[in-house]
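Novice: File protein_4.pdb below, PDB, C-alpha atoms:
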```pdb
ATOM      1  CA  MET O   1       0.000   0.000   0.000
ATOM      2  CA  MET O   2       1.388   3.384  -0.970
ATOM      3  CA  LYS O   3       1.931   5.814   1.836
ATOM      4  CA  SER O   4      -0.136   8.970   1.381
ATOM      5  CA  ASN O   5       1.483  12.312   1.952
ATOM      6  CA  SER O   6       0.080  14.880   4.341
ATOM      7  CA  LEU O   7      -1.322  18.187   3.141
ATOM      8  CA  TRP O   8       1.894  19.964   4.133
ATOM      9  CA  GLN O   9       4.070  17.438   2.286
ATOM     10  CA  ASP O  10       1.961  17.737  -0.850
ATOM     11  CA  SER O  11       2.059  21.516  -0.559
ATOM     12  CA  TRP O  12       5.852  21.487  -0.286
ATOM     13  CA  VAL O  13       6.109  19.324  -3.418
ATOM     14  CA  ARG O  14       3.848  21.715  -5.347
ATOM     15  CA  LEU O  15       5.757  24.738  -4.032
ATOM     16  CA  GLN O  16       9.065  23.272  -5.262
ATOM     17  CA  LYS O  17       7.646  23.132  -8.782
ATOM     18  CA  ASN O  18       7.083  26.900  -8.702
ATOM     19  CA  LYS O  19      10.526  28.254  -9.608
ATOM     20  CA  GLY O  20       9.569  31.865  -8.991
ATOM     21  CA  ALA O  21       8.264  31.140  -5.498
ATOM     22  CA  MET O  22      11.322  29.051  -4.601
ATOM     23  CA  PHE O  23      13.733  31.711  -5.860
ATOM     24  CA  SER O  24      11.794  34.314  -3.881
ATOM     25  CA  MET O  25      11.967  32.128  -0.770
ATOM     26  CA  TYR O  26      15.757  31.823  -1.088
ATOM     27  CA  PHE O  27      16.032  35.571  -1.635
ATOM     28  CA  ILE O  28      13.978  36.256   1.508
ATOM     29  CA  ILE O  29      16.214  33.885   3.480
ATOM     30  CA  LEU O  30      19.297  35.666   2.117
ATOM     31  CA  VAL O  31      17.974  39.118   3.081
ATOM     32  CA  SER O  32      17.022  37.799   6.534
ATOM     33  CA  VAL O  33      20.512  36.374   7.076
ATOM     34  CA  LEU O  34      22.139  39.617   5.930
ATOM     35  CA  ALA O  35      19.891  41.586   8.285
ATOM     36  CA  LEU O  36      20.523  39.229  11.199
ATOM     37  CA  PHE O  37      24.298  39.358  10.810
ATOM     38  CA  ALA O  38      24.543  42.987   9.702
ATOM     39  CA  GLY O  39      26.908  43.767  12.581
ATOM     40  CA  VAL O  40      29.334  41.093  11.378
ATOM     41  CA  LEU O  41      29.009  41.626   7.632
ATOM     42  CA  SER O  42      29.088  45.428   7.603
ATOM     43  CA  PRO O  43      32.585  46.728   6.869
ATOM     44  CA  TYR O  44      31.949  49.807   9.036
ATOM     45  CA  PRO O  45      29.576  50.832  11.846
ATOM     46  CA  PHE O  46      26.368  52.351  10.474
ATOM     47  CA  ASP O  47      27.091  55.709  12.141
ATOM     48  CA  GLU O  48      30.846  55.972  11.469
ATOM     49  CA  ILE O  49      31.681  59.261   9.750
ATOM     50  CA  PHE O  50      34.609  59.559   7.330
ATOM     51  CA  ASP O  51      35.682  63.195   7.166
ATOM     52  CA  GLY O  52      36.238  64.438   3.651
ATOM     53  CA  LYS O  53      34.496  61.411   2.115
ATOM     54  CA  GLU O  54      31.052  62.949   1.649
ATOM     55  CA  PHE O  55      28.936  62.007  -1.384
ATOM     56  CA  LEU O  56      31.467  59.573  -2.827
ATOM     57  CA  SER O  57      30.287  57.438  -5.730
ATOM     58  CA  PRO O  58      30.465  53.632  -5.408
ATOM     59  CA  ASN O  59      34.070  52.438  -5.334
ATOM     60  CA  SER O  60      36.231  49.568  -4.094
ATOM     61  CA  LYS O  61      36.276  50.874  -0.509
ATOM     62  CA  PHE O  62      32.681  52.076  -0.272
ATOM     63  CA  TRP O  63      30.664  49.679  -2.443
ATOM     64  CA  PHE O  64      27.509  51.792  -2.452
ATOM     65  CA  GLY O  65      29.265  55.113  -1.961
ATOM     66  CA  THR O  66      28.848  57.470   0.997
ATOM     67  CA  ASP O  67      26.120  59.824   2.139
ATOM     68  CA  SER O  68      26.103  63.532   3.000
ATOM     69  CA  LEU O  69      28.047  62.937   6.242
ATOM     70  CA  GLY O  70      30.584  60.516   4.810
ATOM     71  CA  ARG O  71      28.943  57.348   6.185
ATOM     72  CA  ASP O  72      29.266  54.073   4.282
ATOM     73  CA  LEU O  73      26.005  53.464   2.442
ATOM     74  CA  PHE O  74      26.539  49.703   2.139
ATOM     75  CA  SER O  75      26.806  49.346   5.910
ATOM     76  CA  ARG O  76      23.772  51.542   6.464
ATOM     77  CA  THR O  77      21.766  49.504   3.937
ATOM     78  CA  LEU O  78      22.588  46.281   5.800
ATOM     79  CA  TYR O  79      21.618  47.812   9.138
ATOM     80  CA  GLY O  80      18.523  49.233   7.468
ATOM     81  CA  ALA O  81      17.570  45.721   6.370
ATOM     82  CA  ARG O  82      17.758  44.596   9.993
ATOM     83  CA  MET O  83      15.395  47.342  11.122
ATOM     84  CA  SER O  84      12.934  47.097   8.221
ATOM     85  CA  MET O  85      12.762  43.286   8.273
ATOM     86  CA  ALA O  86      12.414  43.208  12.056
ATOM     87  CA  VAL O  87       9.535  45.672  11.996
ATOM     88  CA  GLY O  88       7.841  43.850   9.122
ATOM     89  CA  ILE O  89       8.088  40.370  10.642
ATOM     90  CA  ILE O  90       7.383  41.281  14.283
ATOM     91  CA  THR O  91       4.333  43.377  13.473
ATOM     92  CA  ALA O  92       2.985  40.706  11.113
ATOM     93  CA  LEU O  93       3.315  38.051  13.822
ATOM     94  CA  ILE O  94       1.581  40.280  16.389
ATOM     95  CA  SER O  95      -1.188  41.040  13.886
ATOM     96  CA  MET O  96      -1.536  37.324  13.185
ATOM     97  CA  VAL O  97      -1.994  36.501  16.871
ATOM     98  CA  ILE O  98      -4.530  39.298  17.457
ATOM     99  CA  GLY O  99      -6.438  38.607  14.242
ATOM    100  CA  THR O 100      -6.514  34.847  14.796
ATOM    101  CA  VAL O 101      -7.790  35.123  18.367
ATOM    102  CA  TYR O 102     -10.334  37.819  17.529
ATOM    103  CA  GLY O 103     -11.618  36.118  14.384
ATOM    104  CA  SER O 104     -11.785  32.705  16.075
ATOM    105  CA  ILE O 105     -13.891  34.011  18.950
ATOM    106  CA  SER O 106     -16.192  35.892  16.591
ATOM    107  CA  GLY O 107     -16.676  32.958  14.239
ATOM    108  CA  TRP O 108     -17.110  30.357  16.968
ATOM    109  CA  PHE O 109     -19.764  32.092  19.068
ATOM    110  CA  GLY O 110     -21.612  33.765  16.194
ATOM    111  CA  GLY O 111     -24.917  35.513  16.792
ATOM    112  CA  ARG O 112     -24.891  38.800  18.669
ATOM    113  CA  ILE O 113     -21.262  38.476  19.769
ATOM    114  CA  ASP O 114     -20.175  37.972  16.161
ATOM    115  CA  SER O 115     -22.278  40.906  15.000
ATOM    116  CA  ILE O 116     -20.829  43.309  17.580
ATOM    117  CA  MET O 117     -17.241  42.184  16.999
ATOM    118  CA  MET O 118     -17.532  42.459  13.213
ATOM    119  CA  ARG O 119     -19.139  45.891  13.369
ATOM    120  CA  PHE O 120     -16.061  47.074  15.265
ATOM    121  CA  VAL O 121     -13.856  45.584  12.540
ATOM    122  CA  ASP O 122     -15.974  47.237   9.841
ATOM    123  CA  THR O 123     -15.517  50.587  11.592
ATOM    124  CA  LEU O 124     -11.741  50.194  11.553
ATOM    125  CA  ILE O 125     -11.743  49.107   7.915
ATOM    126  CA  ALA O 126     -13.829  52.157   6.982
ATOM    127  CA  ILE O 127     -11.024  54.424   8.218
ATOM    128  CA  PRO O 128      -8.229  54.777   5.620
ATOM    129  CA  SER O 129      -5.392  52.571   6.820
ATOM    130  CA  LEU O 130      -2.744  55.266   6.333
ATOM    131  CA  VAL O 131      -4.723  57.781   8.397
ATOM    132  CA  LEU O 132      -5.329  55.209  11.134
ATOM    133  CA  LEU O 133      -1.667  54.213  11.089
ATOM    134  CA  ILE O 134      -0.467  57.793  11.540
ATOM    135  CA  LEU O 135      -3.060  58.499  14.263
ATOM    136  CA  VAL O 136      -2.057  55.436  16.300
ATOM    137  CA  LYS O 137       1.639  56.227  15.827
ATOM    138  CA  VAL O 138       1.292  59.858  16.939
ATOM    139  CA  PHE O 139      -1.011  58.895  19.840
ATOM    140  CA  PHE O 140       1.427  56.286  21.151
ATOM    141  CA  ASP O 141       4.438  58.573  20.759
ATOM    142  CA  SER O 142       2.685  61.239  22.842
ATOM    143  CA  PHE O 143       3.026  59.039  25.953
ATOM    144  CA  GLN O 144       6.857  59.083  25.681
ATOM    145  CA  LEU O 145       7.229  55.747  27.473
ATOM    146  CA  PHE O 146      10.899  55.463  26.519
ATOM    147  CA  GLU O 147      13.732  57.941  26.926
ATOM    148  CA  SER O 148      15.551  56.633  23.868
ATOM    149  CA  LEU O 149      14.274  58.193  20.644
ATOM    150  CA  GLU O 150      15.140  54.990  18.776
ATOM    151  CA  ALA O 151      13.147  52.794  21.185
ATOM    152  CA  ARG O 152      10.248  55.243  21.136
ATOM    153  CA  ALA O 153      10.105  55.389  17.330
ATOM    154  CA  LEU O 154      10.553  51.636  16.900
ATOM    155  CA  THR O 155       7.941  50.700  19.515
ATOM    156  CA  GLY O 156       5.510  53.255  18.133
ATOM    157  CA  MET O 157       5.808  51.748  14.654
ATOM    158  CA  VAL O 158       5.341  48.208  15.966
ATOM    159  CA  VAL O 159       2.223  49.192  17.926
ATOM    160  CA  ALA O 160       0.745  51.216  15.060
ATOM    161  CA  LEU O 161       1.333  48.567  12.392
ATOM    162  CA  SER O 162       0.064  45.796  14.672
ATOM    163  CA  MET O 163      -3.122  47.681  15.515
ATOM    164  CA  VAL O 164      -3.846  48.356  11.845
ATOM    165  CA  GLY O 165      -2.793  45.042  10.329
ATOM    166  CA  TRP O 166      -4.931  42.554  12.263
ATOM    167  CA  VAL O 167      -8.380  43.556  10.982
ATOM    168  CA  THR O 168      -8.167  41.901   7.558
ATOM    169  CA  LEU O 169      -6.801  38.700   9.050
ATOM    170  CA  ALA O 170      -9.593  38.660  11.638
ATOM    171  CA  ARG O 171     -12.241  38.687   8.915
ATOM    172  CA  VAL O 172     -10.541  35.844   7.031
ATOM    173  CA  VAL O 173     -10.136  33.744  10.189
ATOM    174  CA  ARG O 174     -13.782  34.326  11.111
ATOM    175  CA  GLY O 175     -14.908  33.078   7.707
ATOM    176  CA  GLN O 176     -12.709  29.995   7.971
ATOM    177  CA  VAL O 177     -13.965  29.200  11.481
ATOM    178  CA  LEU O 178     -17.589  29.536  10.355
ATOM    179  CA  GLN O 179     -16.930  26.867   7.730
ATOM    180  CA  VAL O 180     -14.789  24.483   9.769
ATOM    181  CA  LYS O 181     -16.927  24.481  12.919
ATOM    182  CA  GLU O 182     -19.731  22.736  11.007
ATOM    183  CA  LEU O 183     -17.526  19.778  10.021
ATOM    184  CA  THR O 184     -17.987  16.324  11.502
ATOM    185  CA  TYR O 185     -14.843  16.154  13.612
ATOM    186  CA  VAL O 186     -15.705  19.465  15.310
ATOM    187  CA  GLU O 187     -19.227  18.216  16.034
ATOM    188  CA  ALA O 188     -17.684  15.066  17.526
ATOM    189  CA  ALA O 189     -15.434  17.158  19.762
ATOM    190  CA  ARG O 190     -18.467  19.123  20.928
ATOM    191  CA  ALA O 191     -20.330  15.908  21.681
ATOM    192  CA  LEU O 192     -17.414  14.702  23.783
ATOM    193  CA  GLY O 193     -17.781  17.811  25.945
ATOM    194  CA  PHE O 194     -14.577  19.644  25.030
ATOM    195  CA  LYS O 195     -14.554  23.352  25.863
ATOM    196  CA  PRO O 196     -14.600  25.916  23.016
ATOM    197  CA  ALA O 197     -11.039  27.058  23.762
ATOM    198  CA  HIS O 198      -9.790  23.476  23.471
ATOM    199  CA  ILE O 199     -11.676  22.844  20.226
ATOM    200  CA  LEU O 200     -10.370  26.057  18.674
ATOM    201  CA  ARG O 201      -6.799  25.377  19.748
ATOM    202  CA  LYS O 202      -6.631  21.675  18.913
ATOM    203  CA  TYR O 203      -9.036  21.130  16.029
ATOM    204  CA  ILE O 204      -9.969  24.332  14.215
ATOM    205  CA  ILE O 205      -6.936  26.647  14.137
ATOM    206  CA  PRO O 206      -4.480  23.897  13.036
ATOM    207  CA  ASN O 207      -6.776  23.193  10.067
ATOM    208  CA  ILE O 208      -6.974  26.815   8.922
ATOM    209  CA  LEU O 209      -3.256  27.554   9.202
ATOM    210  CA  GLY O 210      -2.876  27.544   5.412
ATOM    211  CA  PRO O 211      -4.815  30.773   4.731
ATOM    212  CA  ILE O 212      -3.301  32.367   7.843
ATOM    213  CA  ILE O 213       0.271  31.650   6.699
ATOM    214  CA  VAL O 214      -0.482  32.946   3.209
ATOM    215  CA  LEU O 215      -1.885  36.181   4.650
ATOM    216  CA  LEU O 216       1.203  36.457   6.827
ATOM    217  CA  THR O 217       3.464  36.385   3.758
ATOM    218  CA  PHE O 218       1.483  39.285   2.295
ATOM    219  CA  GLN O 219       1.324  41.190   5.589
ATOM    220  CA  ILE O 220       5.116  41.294   6.024
ATOM    221  CA  PRO O 221       5.878  43.264   2.818
ATOM    222  CA  SER O 222       2.919  45.553   3.525
ATOM    223  CA  ASN O 223       4.404  46.349   6.937
ATOM    224  CA  ILE O 224       7.884  46.855   5.470
ATOM    225  CA  LEU O 225       6.443  49.340   3.005
ATOM    226  CA  SER O 226       4.486  51.111   5.760
ATOM    227  CA  GLU O 227       7.601  51.351   7.941
ATOM    228  CA  SER O 228       9.556  52.762   5.012
ATOM    229  CA  PHE O 229       6.824  55.295   4.335
ATOM    230  CA  LEU O 230       6.613  56.401   7.983
ATOM    231  CA  SER O 231      10.382  56.834   8.124
ATOM    232  CA  PHE O 232      10.304  58.622   4.772
ATOM    233  CA  ILE O 233       7.836  61.257   6.020
ATOM    234  CA  GLY O 234       9.646  61.646   9.342
ATOM    235  CA  LEU O 235       7.352  59.641  11.648
ATOM    236  CA  GLY O 236       9.594  56.596  11.923
ATOM    237  CA  LEU O 237      13.250  56.198  12.749
ATOM    238  CA  GLN O 238      15.393  59.290  12.457
ATOM    239  CA  PRO O 239      19.095  59.665  11.591
ATOM    240  CA  PRO O 240      21.655  58.522  12.594
ATOM    241  CA  TYR O 241      19.601  55.317  12.958
ATOM    242  CA  SER O 242      19.159  53.451   9.732
ATOM    243  CA  SER O 243      16.203  51.839   7.982
ATOM    244  CA  TRP O 244      15.376  51.598   4.305
ATOM    245  CA  GLY O 245      12.838  54.382   4.713
ATOM    246  CA  VAL O 246      15.394  56.680   6.349
ATOM    247  CA  LEU O 247      17.891  55.977   3.561
ATOM    248  CA  ALA O 248      15.241  56.558   0.890
ATOM    249  CA  ASN O 249      14.409  59.913   2.480
ATOM    250  CA  ASP O 250      18.082  60.909   2.464
ATOM    251  CA  GLY O 251      18.449  59.781  -1.136
ATOM    252  CA  TRP O 252      15.326  61.610  -2.240
ATOM    253  CA  LYS O 253      16.645  64.914  -0.928
ATOM    254  CA  ALA O 254      19.821  64.620  -3.026
ATOM    255  CA  MET O 255      18.463  62.580  -5.948
ATOM    256  CA  GLN O 256      19.142  65.176  -8.635
ATOM    257  CA  THR O 257      22.769  65.749  -7.715
ATOM    258  CA  TYR O 258      23.736  62.395  -6.125
ATOM    259  CA  PRO O 259      21.367  59.744  -7.524
ATOM    260  CA  HIS O 260      23.468  56.870  -6.176
ATOM    261  CA  LEU O 261      22.086  57.547  -2.690
ATOM    262  CA  ILE O 262      18.541  56.404  -3.458
ATOM    263  CA  PHE O 263      19.330  53.304  -5.501
ATOM    264  CA  PRO O 264      20.400  50.910  -2.668
ATOM    265  CA  PRO O 265      17.345  51.421  -0.399
ATOM    266  CA  GLY O 266      14.990  51.751  -3.361
ATOM    267  CA  VAL O 267      16.177  48.540  -5.008
ATOM    268  CA  ALA O 268      16.225  46.724  -1.639
ATOM    269  CA  ILE O 269      12.614  47.697  -0.902
ATOM    270  CA  PHE O 270      11.460  46.803  -4.422
ATOM    271  CA  LEU O 271      13.146  43.383  -4.572
ATOM    272  CA  THR O 272      12.093  42.413  -1.041
ATOM    273  CA  LEU O 273       8.445  43.346  -1.599
ATOM    274  CA  LEU O 274       8.462  41.545  -4.947
ATOM    275  CA  ALA O 275       9.977  38.417  -3.394
ATOM    276  CA  PHE O 276       7.416  38.295  -0.581
ATOM    277  CA  ASN O 277       4.519  38.761  -2.982
ATOM    278  CA  LEU O 278       5.768  36.104  -5.416
ATOM    279  CA  PHE O 279       6.381  33.722  -2.544
ATOM    280  CA  GLY O 280       2.924  34.450  -1.138
ATOM    281  CA  ASP O 281       1.314  33.747  -4.506
ATOM    282  CA  GLY O 282       3.199  30.472  -4.818
ATOM    283  CA  LEU O 283       2.382  29.468  -1.270
ATOM    284  CA  ARG O 284      -1.312  30.205  -1.806
ATOM    285  CA  ASP O 285      -1.378  27.942  -4.867
ATOM    286  CA  ALA O 286       0.611  25.222  -3.095
ATOM    287  CA  LEU O 287      -1.716  25.140  -0.084
ATOM    288  CA  ASP O 288      -4.861  25.024  -2.219
ATOM    289  CA  PRO O 289      -6.107  21.403  -2.216
ATOM    290  CA  LYS O 290      -7.805  22.027  -5.578
ATOM    291  CA  MET O 291      -4.340  22.383  -7.141
ATOM    292  CA  LYS O 292      -3.471  18.776  -6.254
ATOM    293  CA  THR O 293      -2.855  16.672  -9.320
TER
END
```
Take the structure I supplied and represent it as structure tokens, if you would.
Specialist:
Amino acid sequence: MMKSNSLWQDSWVRLQKNKGAMFSMYFIILVSVLALFAGVLSPYPFDEIFDGKEFLSPNSKFWFGTDSLGRDLFSRTLYGARMSMAVGIITALISMVIGTVYGSISGWFGGRIDSIMMRFVDTLIAIPSLVLLILVKVFFDSFQLFESLEARALTGMVVALSMVGWVTLARVVRGQVLQVKELTYVEAARALGFKPAHILRKYIIPNILGPIIVLLTFQIPSNILSESFLSFIGLGLQPPYSSWGVLANDGWKAMQTYPHLIFPPGVAIFLTLLAFNLFGDGLRDALDPKMKT
């Protein structure tokens, strides 16, 4: 008798056939490794200033050139990857937890509880996400919980992006729970007297992980772009700290005279967002049982 593969094994086989998704996955791993080991791989500290080396074009010593203060742009791009990737991944994971818990409760109990919870979600969705993001960021920063400007800006971005990003996932999880809770194995668990929390944790959520993981792969690049935008307009990290948004802002100011400044962060943002979206598309197709041949 032939051994049947699990859904995850079949999905991995289908994902391997998608060359674009696999290449994107390897690229994401590469960027993550570079960000994680930026302190080791960077030839210079991100804030080291080289007097008399301002606005140098790319050369053998400074691969990406230098900025207006004589800082190595290659080192700052690597450190920027650490900050942008960290914000994107951490906020996506927080949004996933909030959205999964909220959507599961709403979908499981249904009725009046579901109606009230979804009306709150609809209210948040009705507000433009960018406006809501800026409002939450400014509101949190007004408390000044941290003395460090870096910690304050970073925490504010994480809170703002997490509070904005969970609503879409909550609606998807709710819809999945509404479908799965009517299946036979869930009815059997109910008949055995298991509590709702146990049923959700053991039987429902593990079986809807596919759509949740796919949404997570799309949420990460969205958060990276939002972080870059906030830093670009001055609401995120500020110099000398480095993120791709900070570097893009610096490059934009001098784009006409020193265009090499904007290329590294711009290309990094573009390729990373493209890789996440291609990988998300491939993962969505791989996890779709209808794609099984």
Novice: Using all atoms listed in the file, can you tell me which of O:Gly156, O:Pro196, O:Gly165, O:Pro58 comes closest to Val121 of chain O?
Specialist: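 Among the listed residues, O:Gly165 lies closest to Val121 of chain O.
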Novice: What does the distance from atom CA of Arg76 of chain O to atom CA of Ser228 of chain O come to in Å, to one decimal?
Specialist: 14.3 Å
Novice: Select, from O:Met25, O:Ala275, O:Val101, O:Leu36, the residue with the minimum atom-to-atom distance to Gly80 of chain O, counting all atoms listed in the file.
Specialist: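 For Gly80 of chain O, the nearest of the candidates is O:Leu36.
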Novice: In Å, how far is it from atom CA of Gly88 of chain O to atom CA of Ala35 of chain O?
Specialist: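 Separation between atom CA of Gly88 of chain O and atom CA of Ala35 of chain O: 12.3 Å.
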Novice: With distances taken over all atoms listed in the file, which residue among O:Thr66, O:Asn223, O:Ser24, O:Ser42 lies nearest Asp250 of chain O?
Specialist: O:Thr66
Novice: Written as a ChimeraX atom specification, what is the full residue list that the PyMOL selection byres ((chain O and resi 212) around 9) yields on the file shown?
Specialist: /O:96,100,169,172-173,208-211,213-217
Novice: So what does the PyMOL selection byres ((chain O and resi 61) around 12) actually pick up in this one, as a list of chain:residue names?
Specialist: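 With the shown file as input, the PyMOL selection byres ((chain O and resi 61) around 12) matches O:Pro43, O:Tyr44, O:Phe50, O:Lys53, O:Leu56, O:Ser57, O:Pro58, O:Asn59, O:Ser60, O:Phe62, O:Trp63, O:Phe64, O:Gly65, O:Thr66, O:Arg71, O:Asp72, O:Leu73, O:Phe74, O:Ser75.
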Novice: Enclose the full set of atoms of segment 175-193 of chain O listed in the file within a box whose edges lie along x, y and z, apply 8 Å of padding to each of the six sides, and report centre and edge lengths in Å to one decimal as JSON.
Specialist:
```
{"center_x": -16.5, "center_y": 23.9, "center_z": 16.8, "size_x": 23.6, "size_y": 34.4, "size_z": 34.2}
```
Novice: Taking the file above as input, evaluate the PyMOL selection byres ((chain O and resi 246-249) around 12) and report the hits as a PyMOL selection string.
Specialist: chain O and resi 46+66-68+71-81+83-84+225+227-245+250-255+259-270
Novice: Determine the nearest neighbour of Glu187 of chain O from the options O:Arg171, O:Ser226, O:Ile204, O:Ser129, counting only C-alpha atoms.
Specialist: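 Nearest to Glu187 of chain O: O:Ile204.
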Novice: What separation in Å, quoted to one decimal, exists between atom CA of Ile220 of chain O and atom CA of Val177 of chain O?
Specialist: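 Atom CA of Ile220 of chain O sits 23.2 Å away from atom CA of Val177 of chain O.
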Novice: May I ask which of the residues O:Ala21, O:Val40, O:Leu30, O:Met118 is the closest one to Ile105 of chain O, counting all atoms listed in the file?
Specialist: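 With all atoms listed in the file as the atom set, the closest residue is O:Met118.
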Novice: Name the residues in contact with Val164 of chain O at a cut-off of 10 Å, using all atoms listed in the file, excluding same-chain residues fewer than 4 positions from it; report them as a PyMOL selection string.
Specialist: chain O and resi 91+95+124-125+128-130+132-133+136+159-160+168+223
Novice: Could you please take those selected residues and save C-alpha atoms as a short mmCIF file (atom, residue, chain, number, x, y, z; two decimals), keeping the file's coordinate frame?
Specialist:
```
data_model
loop_
_atom_site.label_atom_id
_atom_site.label_comp_id
_atom_site.auth_asym_id
_atom_site.auth_seq_id
_atom_site.Cartn_x
_atom_site.Cartn_y
_atom_site.Cartn_z
CA THR O 91 4.33 43.38 13.47
CA SER O 95 -1.19 41.04 13.89
CA LEU O 124 -11.74 50.19 11.55
CA ILE O 125 -11.74 49.11 7.92
CA PRO O 128 -8.23 54.78 5.62
CA SER O 129 -5.39 52.57 6.82
CA LEU O 130 -2.74 55.27 6.33
CA LEU O 132 -5.33 55.21 11.13
CA LEU O 133 -1.67 54.21 11.09
CA VAL O 136 -2.06 55.44 16.30
CA VAL O 159 2.22 49.19 17.93
CA ALA O 160 0.74 51.22 15.06
CA THR O 168 -8.17 41.90 7.56
CA ASN O 223 4.40 46.35 6.94
#
```
Novice: Which residue out of O:Ala189, O:Leu154, O:Gly70, O:Gly103 has the minimum interatomic distance to Gly175 of chain O when all atoms listed in the file are used?
Specialist: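 Smallest distance to Gly175 of chain O is found for O:Gly103.
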Novice: Set out as CSV a contact list for segment 15-133 of chain O and segment 278-283 of chain O with a cut-off of 10 Å, giving each residue of segment 15-133 of chain O that qualifies its closest atom pair and distance in Å to one decimal, counting all atoms listed in the file, ordered by chain and rising residue number.
Specialist:
```
residue,atom,partner,partner_atom,distance
O:Leu15,CA,O:Gly282,CA,6.3
O:Gln16,CA,O:Gly282,CA,9.3
O:Lys17,CA,O:Gly282,CA,9.5
O:Asn18,CA,O:Gly282,CA,6.6
O:Lys19,CA,O:Gly282,CA,9.0
O:Gly20,CA,O:Leu278,CA,6.7
O:Ala21,CA,O:Phe279,CA,4.4
O:Met22,CA,O:Phe279,CA,7.1
O:Phe23,CA,O:Phe279,CA,8.3
O:Ser24,CA,O:Phe279,CA,5.6
O:Met25,CA,O:Phe279,CA,6.1
O:Tyr26,CA,O:Phe279,CA,9.7
O:Phe27,CA,O:Phe279,CA,9.9
O:Ile28,CA,O:Phe279,CA,9.0
```
Novice: So that I have them on file, write out the residues from the current selection with C-alpha atoms, as an mmCIF file, in the frame of the given file.
Specialist:
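Result file is selection.cif:
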```
data_model
loop_
_atom_site.group_PDB
_atom_site.id
_atom_site.type_symbol
_atom_site.label_atom_id
_atom_site.label_comp_id
_atom_site.auth_asym_id
_atom_site.auth_seq_id
_atom_site.Cartn_x
_atom_site.Cartn_y
_atom_site.Cartn_z
ATOM 1 C CA LEU O 15 5.757 24.738 -4.032
ATOM 2 C CA GLN O 16 9.065 23.272 -5.262
ATOM 3 C CA LYS O 17 7.646 23.132 -8.782
ATOM 4 C CA ASN O 18 7.083 26.900 -8.702
ATOM 5 C CA LYS O 19 10.526 28.254 -9.608
ATOM 6 C CA GLY O 20 9.569 31.865 -8.991
ATOM 7 C CA ALA O 21 8.264 31.140 -5.498
ATOM 8 C CA MET O 22 11.322 29.051 -4.601
ATOM 9 C CA PHE O 23 13.733 31.711 -5.860
ATOM 10 C CA SER O 24 11.794 34.314 -3.881
ATOM 11 C CA MET O 25 11.967 32.128 -0.770
ATOM 12 C CA TYR O 26 15.757 31.823 -1.088
ATOM 13 C CA PHE O 27 16.032 35.571 -1.635
ATOM 14 C CA ILE O 28 13.978 36.256 1.508
#
```
